[in-house]
Amino acid sequence: MADQAANEPEHPHPDAAHPAPRPTPEGREFRMAELAAEAGITVRTLRFYRERKLLPPPRRDGRIAWYDEHHLARLRTIAALLERGHTLGGIAELLTAFETGRDVGELLGLPSPLLPAWSEETPVRLTPEELADHFSHDITPENLTASLSIGYLAVDGDEFVHVSRRLLDASTDLVAQGIPLAAVLEAGRQVRAHADALADLFATLIRTHVLAAPQDVDQVAATIESLRPLTKGVLEAELSMAMDRRIRTEVQNWLAARARGNDRET
C-alpha cells in the first residue's frame, strides 16, 4: 500500500510553498514537503506514514506543522527496514517497542562516588537498521521487548545503546550459527539471574568481612579493588570446569544415542 501511495501524484498542499528549513537551538525544522524531500519520499507517502502512526506528531505553530531531525531519522529508519524485508505492520510494532524501552541512563546506571565500575564492558550505539543488520529477521517486537527488559538494550534518542560489545558480538555469532535470537535472549535472562545470585554471594562476603571491620574509606576502597581480579578468576575457573563436565556429558550422551541408532540400522 505504501508503494502504491508513493507512485500516485501528489496533491497540492499549503506546505508545498515554503522557505528553506529553519535552524532552531535543537536542530533543523521542516515543513511537510521539505521533510518528504529530505527523506526521498512523496508527501502522499509521508501522510500515509503519519496516518499509520509510524511518525510522532509534529510540532504545531498555528496551522503549520513543523517536523524535526528526529522525524527525518525515523523516516530513514523506516526506509532501511523496508529494504530489509520488514512490513509496515511489523515496523510499527518495532517502533512501539522502541519507544517504550528503558533509557540509556537506566541501562548503564550511575557511577559510584567511591569505586570505579567493576565491569569493563564497552557500550555500543546502534541505529535501528544497524541492529537489524546484526540479527536480520530475528528482530521482532517480542525479541526487542525482551532485550529491553533484560537490560541488553536501552533507547537514547533515535538510537539503541547495547550494554556490552562482547555480549552483542556473542549474540550475533550465536544467531549466525543457527540459534534463534529468542533462545539466545532466554539464555541471557537466565545467565543474568545466576550472575546476580553470584554477585549477591560476593557482596555478602564484602559486607560481612570487609565493611564490618573498622577501616577508613580509602582502606575499604583499596580492599574492594583488590578483590576484583580474585572474583573474576574464581568465576572463570568454576565456569570453565563446570562447562568441561557438562559438555563432556552431553557429547557422551550424543555419541551413545548415535551408536544405538547405528545398531538399529544394522
# chains A, B, ... in the order shown; residues from 1 in each chain; ligands from 1

call {"tool": "residues_around", "arguments": {"residues": "A:Ala183", "least_positions_apart": "3", "cutoff": "12 Å", "atoms": "only C-alpha atoms", "output": "VMD selection string"}}
result
chain A and resid 138 142 to 143 146 to 147 171 174 to 175 178 to 180 186 to 190

call {"tool": "write_last_selection", "arguments": {"atoms": "C-alpha atoms", "output": "compact mmCIF listing (two decimals), in the first residue's frame"}}
result
# COMPACT_ATOMS: atom_id res chain seq x y z
CA ASP A 138 15.04 -12.19 14.24
CA GLU A 142 8.90 -9.74 21.10
CA ASN A 143 12.69 -10.07 20.88
CA ALA A 146 12.88 -8.98 25.72
CA SER A 147 16.22 -7.26 25.05
CA SER A 171 24.68 -12.89 20.50
CA LEU A 174 25.16 -17.45 18.17
CA VAL A 175 22.35 -16.31 15.86
CA GLY A 178 21.58 -21.04 13.77
CA ILE A 179 20.42 -20.45 17.34
CA PRO A 180 17.22 -18.36 17.33
CA GLU A 186 16.17 -16.53 27.19
CA ALA A 187 19.61 -17.96 27.94
CA GLY A 188 20.82 -14.42 28.59
CA ARG A 189 17.96 -13.85 31.01
CA GLN A 190 18.90 -16.97 32.96

call {"tool": "closest_residue", "arguments": {"among": "A:Thr127, A:Thr140, A:Thr122, A:Ser149", "to": "A:Asp169", "atoms": "only C-alpha atoms"}}
result
A:Thr122

call {"tool": "closest_residue", "arguments": {"among": "A:Glu159, A:Asp68, A:Glu225, A:Glu83", "to": "A:Leu131", "atoms": "only C-alpha atoms"}}
result
A:Glu159

call {"tool": "decode", "arguments": {"residues": "stretch 141-157 of chain A", "atoms": "N, CA and C atoms", "output": "short mmCIF file (atom, residue, chain, number, x, y, z; two decimals), in the first residue's frame"}}
result
data_model
loop_
_atom_site.label_atom_id
_atom_site.label_comp_id
_atom_site.auth_asym_id
_atom_site.auth_seq_id
_atom_site.Cartn_x
_atom_site.Cartn_y
_atom_site.Cartn_z
N PRO A 141 9.15 -7.58 17.44
CA PRO A 141 8.75 -6.82 18.65
C PRO A 141 8.97 -7.61 19.93
N GLU A 142 8.73 -8.93 19.89
CA GLU A 142 8.90 -9.74 21.10
C GLU A 142 10.38 -9.79 21.52
N ASN A 143 11.27 -10.00 20.55
CA ASN A 143 12.69 -10.07 20.88
C ASN A 143 13.23 -8.70 21.31
N LEU A 144 12.73 -7.65 20.67
CA LEU A 144 13.16 -6.31 21.05
C LEU A 144 12.71 -5.99 22.46
N THR A 145 11.47 -6.32 22.78
CA THR A 145 10.96 -6.09 24.13
C THR A 145 11.75 -6.90 25.15
N ALA A 146 12.09 -8.14 24.81
CA ALA A 146 12.88 -8.98 25.72
C ALA A 146 14.26 -8.37 25.96
N SER A 147 14.90 -7.86 24.91
CA SER A 147 16.22 -7.26 25.05
C SER A 147 16.17 -6.02 25.94
N LEU A 148 15.11 -5.24 25.79
CA LEU A 148 14.94 -4.06 26.64
C LEU A 148 14.68 -4.47 28.08
N SER A 149 13.88 -5.52 28.26
CA SER A 149 13.53 -5.98 29.60
C SER A 149 14.74 -6.55 30.34
N ILE A 150 15.54 -7.36 29.64
CA ILE A 150 16.72 -7.94 30.28
C ILE A 150 17.72 -6.85 30.66
N GLY A 151 17.78 -5.81 29.85
CA GLY A 151 18.76 -4.76 30.09
C GLY A 151 19.89 -4.77 29.09
N TYR A 152 19.77 -5.58 28.03
CA TYR A 152 20.79 -5.55 26.99
C TYR A 152 20.73 -4.25 26.19
N LEU A 153 19.52 -3.76 25.97
CA LEU A 153 19.32 -2.57 25.15
C LEU A 153 18.65 -1.47 25.95
N ALA A 154 18.94 -0.24 25.55
CA ALA A 154 18.21 0.93 26.03
C ALA A 154 18.04 1.87 24.84
N VAL A 155 17.16 2.83 24.98
CA VAL A 155 16.88 3.78 23.93
C VAL A 155 17.49 5.13 24.30
N ASP A 156 18.20 5.72 23.35
CA ASP A 156 18.78 7.05 23.54
C ASP A 156 18.51 7.87 22.29
N GLY A 157 17.47 8.69 22.34
CA GLY A 157 17.08 9.47 21.16
C GLY A 157 16.59 8.56 20.05
#
